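Peer 1: The structure is given below, and queries will be raised subsequently.
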Amino acid sequence: NFMPVCSLGLCGLHHPWLVAAGYSCSGPLCATAVAVKTLPLQTDSTNVTDKILNLPLEMPDFFRCADRLMEPYLFGSRLDQDIIDLDQTVEHLQSALNFTAHIAYRGSVILFVSRRRQFGHLVESTAQDCGEYAHTRYWQGGLLTNAPIQYGPGVRLPDLIVFFSTLNNVFQQHVGVRDAAKMNIPTVGLVDSNCNPSLVTYPVPGNDDTPAAMELYCRLFKMTINRAKDKRRQMELLQGRSAVGLTTSS
Amino acid sequence: MAGSRLEKFGTVFTRVRDLMRSGVVKQSDKPIWYDVYKTFPPMKDPLYVRPVAKRYGKKEEAVPDIFYREDENRAKFYEGCGTGPRAFDLSKSSFVSTCQRFVEKYTEFESQGELEKQSLFEETGKALLAEDLGLRRRGIPAVASETRNPVLGMKLTDMLAEQQADAPGGTRAPGKEKPTQVPLNPQ
């Protein structure tokens with residue numbers, strides 16, 4: 001199962017930047033870090049496509065209010081309803097989930113954000129099940145940009161922010177997208193056809209209106225993060241070291 | 001930790017990379033996601049795109065309309081029969097609506113190629129009627145299962161006029177109510 005991935009991982013290891021990256025236990029960590037890719041992807045690639053096609057994920061926004069920047073992700077418009085191209089969605093989703101898995105593997109703080117009141121509880125319970133954090137209420141202006149003053153001097157900011165809807169309740173872009181870009185925090189965002197995907201690091205074009213779609217995405221992210229963390233614990237047990245020595249974060 | 005808050009210039013990655021290159025951010029302070037981003041970059045760089053207010057000149061249709069060949073037949077169906085007799089039941093994924101059955105029958109007849117175009121519509125309608133779908137043209141009411149009671153078709157004003165005409169004669173027309181009834185409001 002790991003054979004095709006190890007070849008990918010070894011290709012990466014030959015690069016000089018990785019050697020100089022400062023991994024103290026570089027060999028096994030790098031191979032496993034890339035090997036984590038198999039966990040969320042190989043089982044998901046077929047499942048995700050089936051699940052997405054079977055669910056009404058293509059019921060996007062009405063009345064042709066697509067953002068100009070979302071036009072490359074749209075398949076077409078059927079009677080004024082913009083249909084998102086699901087082939088592109090699958091690729092973007094795989095890329096986003098892979099990134100999330102690697103970040104979770106390295107022991108980071110992930111923040112789920114969604115300002116949709118309909119799915120607030122769902123997002124919060126997803127975060128709780130993963131052991132990560134969620135923010136589905138009013139976003140205070142200085143939450144990220146003024147954090148040391150608002151929350152104390154040594155506060156740790158999230159290393160990844162996952163937006164289950166990049167819009168706030170007045171259909172404008174969520175302040176968190178811009179703030180994360182300001183604070184150099186990568187973002188994964190579910191962008192609908194009326195959203196602006198330019199500032200989101202890993203946009204996933206998809207529908208954020210239907211409960212079925214939101215449940216699918218929550219389930220996928222939860223599964224990804226849990227698997228990454230399990231893999232991490234497994235590697236730690238195998239190597240018999242504590243978590244503090246292995247992480248490279250400050 | 002030092003940072004760059006210029007979200008409109010470059011991507012998150014380029015800013016951190018340049019900060020590290022210039023020595024502002026030490027290698028030990030490298031963010032967790034830096035290497036992961038480098039190995040698995042996104043498909044499109046998350047550069048900030050300035051929103052363009054207006055598109056002058058001819059606006060190109062960047063998003064193509066999705067139309068199928070069967071849409072013509074669907075249009076004919078809805079023009080002729082209104083919204084169709086049966087409601088759409090979307091809870092079943094394998095649900096076939098009346099319109100869809102019409103379109104399938106139509107394409108079947110068309111592929112057989114025996115009938116002319118004008119008669120295709122009627123033939124399909126007849127075929128579907130044979131399957132007890134109860135299609136009807138818009139404007140033509142459905143065939144009633146019971147015949148209406150002829151009494152309901154009579155107007156009270158007419159009855160009253162007959163009664164007054166008959167009263168001196170003494171005979172009463174059949175189907176009338178009591179002759180001494182107070183005249184009701186013709187409503």
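Here, A, B, ... name the chains of the structure tokens in the order displayed, residue numbers run from 1 inside each chain, and ligands are numbered from 1 in the same displayed order.
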Within 9 Å of A:Tyr105, counting only C-alpha atoms, which residues show up once you throw out same-chain ones fewer than 6 positions away? Write them as a CSV table (one decimal) with N, CA, C and O atoms, in the first residue's frame, please.
Peer 2:
```csv
chain,number,residue,atom,x,y,z
A,33,ALA,N,5.9,11.3,6.7
A,33,ALA,CA,5.1,12.5,6.4
A,33,ALA,C,4.5,12.5,5.1
A,33,ALA,O,3.4,12.9,4.9
A,36,VAL,N,1.8,9.7,4.8
A,36,VAL,CA,0.5,10.1,5.3
A,36,VAL,C,-0.5,10.3,4.2
A,36,VAL,O,-1.7,10.2,4.3
A,225,ILE,N,-8.5,14.4,9.7
A,225,ILE,CA,-7.7,14.8,10.9
A,225,ILE,C,-7.5,13.7,11.9
A,225,ILE,O,-6.4,13.5,12.4
A,227,ARG,N,-7.4,10.5,11.3
A,227,ARG,CA,-6.5,9.5,10.7
A,227,ARG,C,-5.1,10.0,10.9
A,227,ARG,O,-4.1,9.3,11.2
A,228,ALA,N,-4.9,11.3,10.6
A,228,ALA,CA,-3.5,11.9,10.7
A,228,ALA,C,-3.0,11.8,12.1
A,228,ALA,O,-1.9,11.5,12.4
A,229,LYS,N,-3.9,12.1,13.0
A,229,LYS,CA,-3.5,12.1,14.5
A,229,LYS,C,-3.2,10.7,14.9
A,229,LYS,O,-2.2,10.4,15.7
A,230,ASP,N,-4.0,9.7,14.4
A,230,ASP,CA,-3.7,8.3,14.8
A,230,ASP,C,-2.4,7.9,14.2
A,230,ASP,O,-1.6,7.2,14.9
A,231,LYS,N,-2.1,8.3,13.0
A,231,LYS,CA,-0.9,7.9,12.4
A,231,LYS,C,0.3,8.5,13.2
A,231,LYS,O,1.3,7.9,13.4
A,232,ARG,N,0.1,9.7,13.7
A,232,ARG,CA,1.1,10.4,14.4
A,232,ARG,C,1.4,9.6,15.7
A,232,ARG,O,2.5,9.4,16.1
A,233,ARG,N,0.3,9.3,16.4
A,233,ARG,CA,0.5,8.5,17.7
A,233,ARG,C,1.2,7.2,17.4
A,233,ARG,O,2.0,6.8,18.2
```
Peer 1: Considering only C-alpha atoms, return as a VMD selection string whatever protein or nucleic-acid residues lie within 9 Å of A:Ala104, sequence-local ones (same chain, fewer than 2 positions apart) excluded.
Peer 2: chain A and resid 99 to 102 106 to 110 224 to 226 228 to 229 232
Peer 1: Would you mind listing, for every residue of chain B within 9 Å of chain A, the two atoms forming the shortest contact and the distance between them in Å to one decimal, using only C-alpha atoms, sorted by chain and ascending residue number, as JSON lines?
Peer 2:
```
{"residue": "B:Gly3", "atom": "CA", "partner": "A:Met183", "partner_atom": "CA", "distance": 6.8}
{"residue": "B:Ser4", "atom": "CA", "partner": "A:Lys182", "partner_atom": "CA", "distance": 6.8}
{"residue": "B:Arg5", "atom": "CA", "partner": "A:Lys182", "partner_atom": "CA", "distance": 4.2}
{"residue": "B:Leu6", "atom": "CA", "partner": "A:Lys182", "partner_atom": "CA", "distance": 5.9}
{"residue": "B:Glu7", "atom": "CA", "partner": "A:Lys182", "partner_atom": "CA", "distance": 5.0}
{"residue": "B:Lys8", "atom": "CA", "partner": "A:Ala181", "partner_atom": "CA", "distance": 8.7}
{"residue": "B:Thr11", "atom": "CA", "partner": "A:Ala181", "partner_atom": "CA", "distance": 7.9}
{"residue": "B:Val12", "atom": "CA", "partner": "A:Asn184", "partner_atom": "CA", "distance": 5.1}
{"residue": "B:Phe13", "atom": "CA", "partner": "A:Asn184", "partner_atom": "CA", "distance": 7.7}
{"residue": "B:Arg15", "atom": "CA", "partner": "A:Asn184", "partner_atom": "CA", "distance": 7.8}
{"residue": "B:Val16", "atom": "CA", "partner": "A:Asn184", "partner_atom": "CA", "distance": 7.2}
{"residue": "B:Gln27", "atom": "CA", "partner": "A:Gly22", "partner_atom": "CA", "distance": 8.0}
{"residue": "B:Ser28", "atom": "CA", "partner": "A:Ser250", "partner_atom": "CA", "distance": 7.0}
{"residue": "B:Asp29", "atom": "CA", "partner": "A:Ser250", "partner_atom": "CA", "distance": 5.6}
{"residue": "B:Lys30", "atom": "CA", "partner": "A:Ser249", "partner_atom": "CA", "distance": 7.0}
{"residue": "B:Pro31", "atom": "CA", "partner": "A:Ser249", "partner_atom": "CA", "distance": 6.3}
{"residue": "B:Ile32", "atom": "CA", "partner": "A:Ser249", "partner_atom": "CA", "distance": 5.8}
{"residue": "B:Trp33", "atom": "CA", "partner": "A:Ile103", "partner_atom": "CA", "distance": 6.2}
{"residue": "B:Asp35", "atom": "CA", "partner": "A:Leu18", "partner_atom": "CA", "distance": 8.3}
{"residue": "B:Val36", "atom": "CA", "partner": "A:Phe99", "partner_atom": "CA", "distance": 6.7}
{"residue": "B:Tyr37", "atom": "CA", "partner": "A:Phe99", "partner_atom": "CA", "distance": 7.4}
{"residue": "B:Thr39", "atom": "CA", "partner": "A:Gly12", "partner_atom": "CA", "distance": 7.6}
{"residue": "B:Phe40", "atom": "CA", "partner": "A:Phe99", "partner_atom": "CA", "distance": 7.2}
{"residue": "B:Pro41", "atom": "CA", "partner": "A:Ser95", "partner_atom": "CA", "distance": 8.3}
{"residue": "B:Pro42", "atom": "CA", "partner": "A:Tyr202", "partner_atom": "CA", "distance": 5.8}
{"residue": "B:Met43", "atom": "CA", "partner": "A:His92", "partner_atom": "CA", "distance": 7.5}
{"residue": "B:Lys44", "atom": "CA", "partner": "A:Tyr202", "partner_atom": "CA", "distance": 8.2}
{"residue": "B:Asp45", "atom": "CA", "partner": "A:Thr201", "partner_atom": "CA", "distance": 7.2}
{"residue": "B:Pro46", "atom": "CA", "partner": "A:Thr201", "partner_atom": "CA", "distance": 5.1}
{"residue": "B:Leu47", "atom": "CA", "partner": "A:Ser198", "partner_atom": "CA", "distance": 5.9}
{"residue": "B:Tyr48", "atom": "CA", "partner": "A:Ser198", "partner_atom": "CA", "distance": 5.4}
{"residue": "B:Val49", "atom": "CA", "partner": "A:Ser198", "partner_atom": "CA", "distance": 6.0}
{"residue": "B:Pro51", "atom": "CA", "partner": "A:Arg68", "partner_atom": "CA", "distance": 8.9}
{"residue": "B:Ala62", "atom": "CA", "partner": "A:Glu71", "partner_atom": "CA", "distance": 6.7}
{"residue": "B:Val63", "atom": "CA", "partner": "A:Gly76", "partner_atom": "CA", "distance": 5.2}
{"residue": "B:Pro64", "atom": "CA", "partner": "A:Gly76", "partner_atom": "CA", "distance": 4.9}
{"residue": "B:Asp65", "atom": "CA", "partner": "A:Ser77", "partner_atom": "CA", "distance": 4.8}
{"residue": "B:Ile66", "atom": "CA", "partner": "A:Arg78", "partner_atom": "CA", "distance": 5.0}
{"residue": "B:Phe67", "atom": "CA", "partner": "A:Arg78", "partner_atom": "CA", "distance": 7.1}
{"residue": "B:Ser93", "atom": "CA", "partner": "A:Asn54", "partner_atom": "CA", "distance": 8.9}
```
Peer 1: Could you go through stretch 38-196 of chain A and tell me which residues DSSP, when run on the backbone, assigns to strand (DSSP E), listing them as a list in words?
Peer 2: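 Strand (DSSP E) members of stretch 38-196 of chain A, listed: Leu74, Phe75, Gly76, Ser77, Arg78, Gln81, Asp82, Ile83, Ile84, Ile110, Leu111, Phe112, Val113, Tyr133, Ala134, His135, Leu160, Ile161, Val162, Phe163, Thr187, Val188, Gly189, Leu190 and Val191 of chain A.
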Peer 1: If you count only C-alpha atoms, which residues fall within 9 Å of B:Ala2, apart from same-chain ones fewer than 4 positions away, as a list in words?
Peer 2: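 These residues fall inside the cut-off: Leu19, Val24 and Val25 of chain B.
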Peer 1: Give me a file of those residues, with N, CA and C atoms, as a PDB file, in the first residue's frame.
Peer 2:
```pdb
ATOM      1  N   LEU B  19      10.693  36.369   3.986  1.00  0.00           N
ATOM      2  CA  LEU B  19      11.099  36.746   5.338  1.00  0.00           C
ATOM      3  C   LEU B  19      12.233  35.860   5.823  1.00  0.00           C
ATOM      4  N   VAL B  24      14.837  37.631   8.615  1.00  0.00           N
ATOM      5  CA  VAL B  24      13.973  38.198   9.659  1.00  0.00           C
ATOM      6  C   VAL B  24      13.380  37.070  10.496  1.00  0.00           C
ATOM      7  N   VAL B  25      12.984  36.014   9.805  1.00  0.00           N
ATOM      8  CA  VAL B  25      12.424  34.855  10.499  1.00  0.00           C
ATOM      9  C   VAL B  25      13.479  33.759  10.481  1.00  0.00           C
TER      10      VAL B  25
END
```
Peer 1: For atom CA of B:Arg74 and atom CA of A:Leu86, quote the distance in Å rounded to one decimal.
Peer 2: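 For atom CA of B:Arg74 relative to atom CA of A:Leu86, the distance reads 25.8 Å.
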Peer 1: How many Å lie between atom CA of B:Ser94 and atom CA of B:Ala75, rounded to one decimal?
Peer 2: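 Result for atom CA of B:Ser94 versus atom CA of B:Ala75: 22.1 Å, one decimal.
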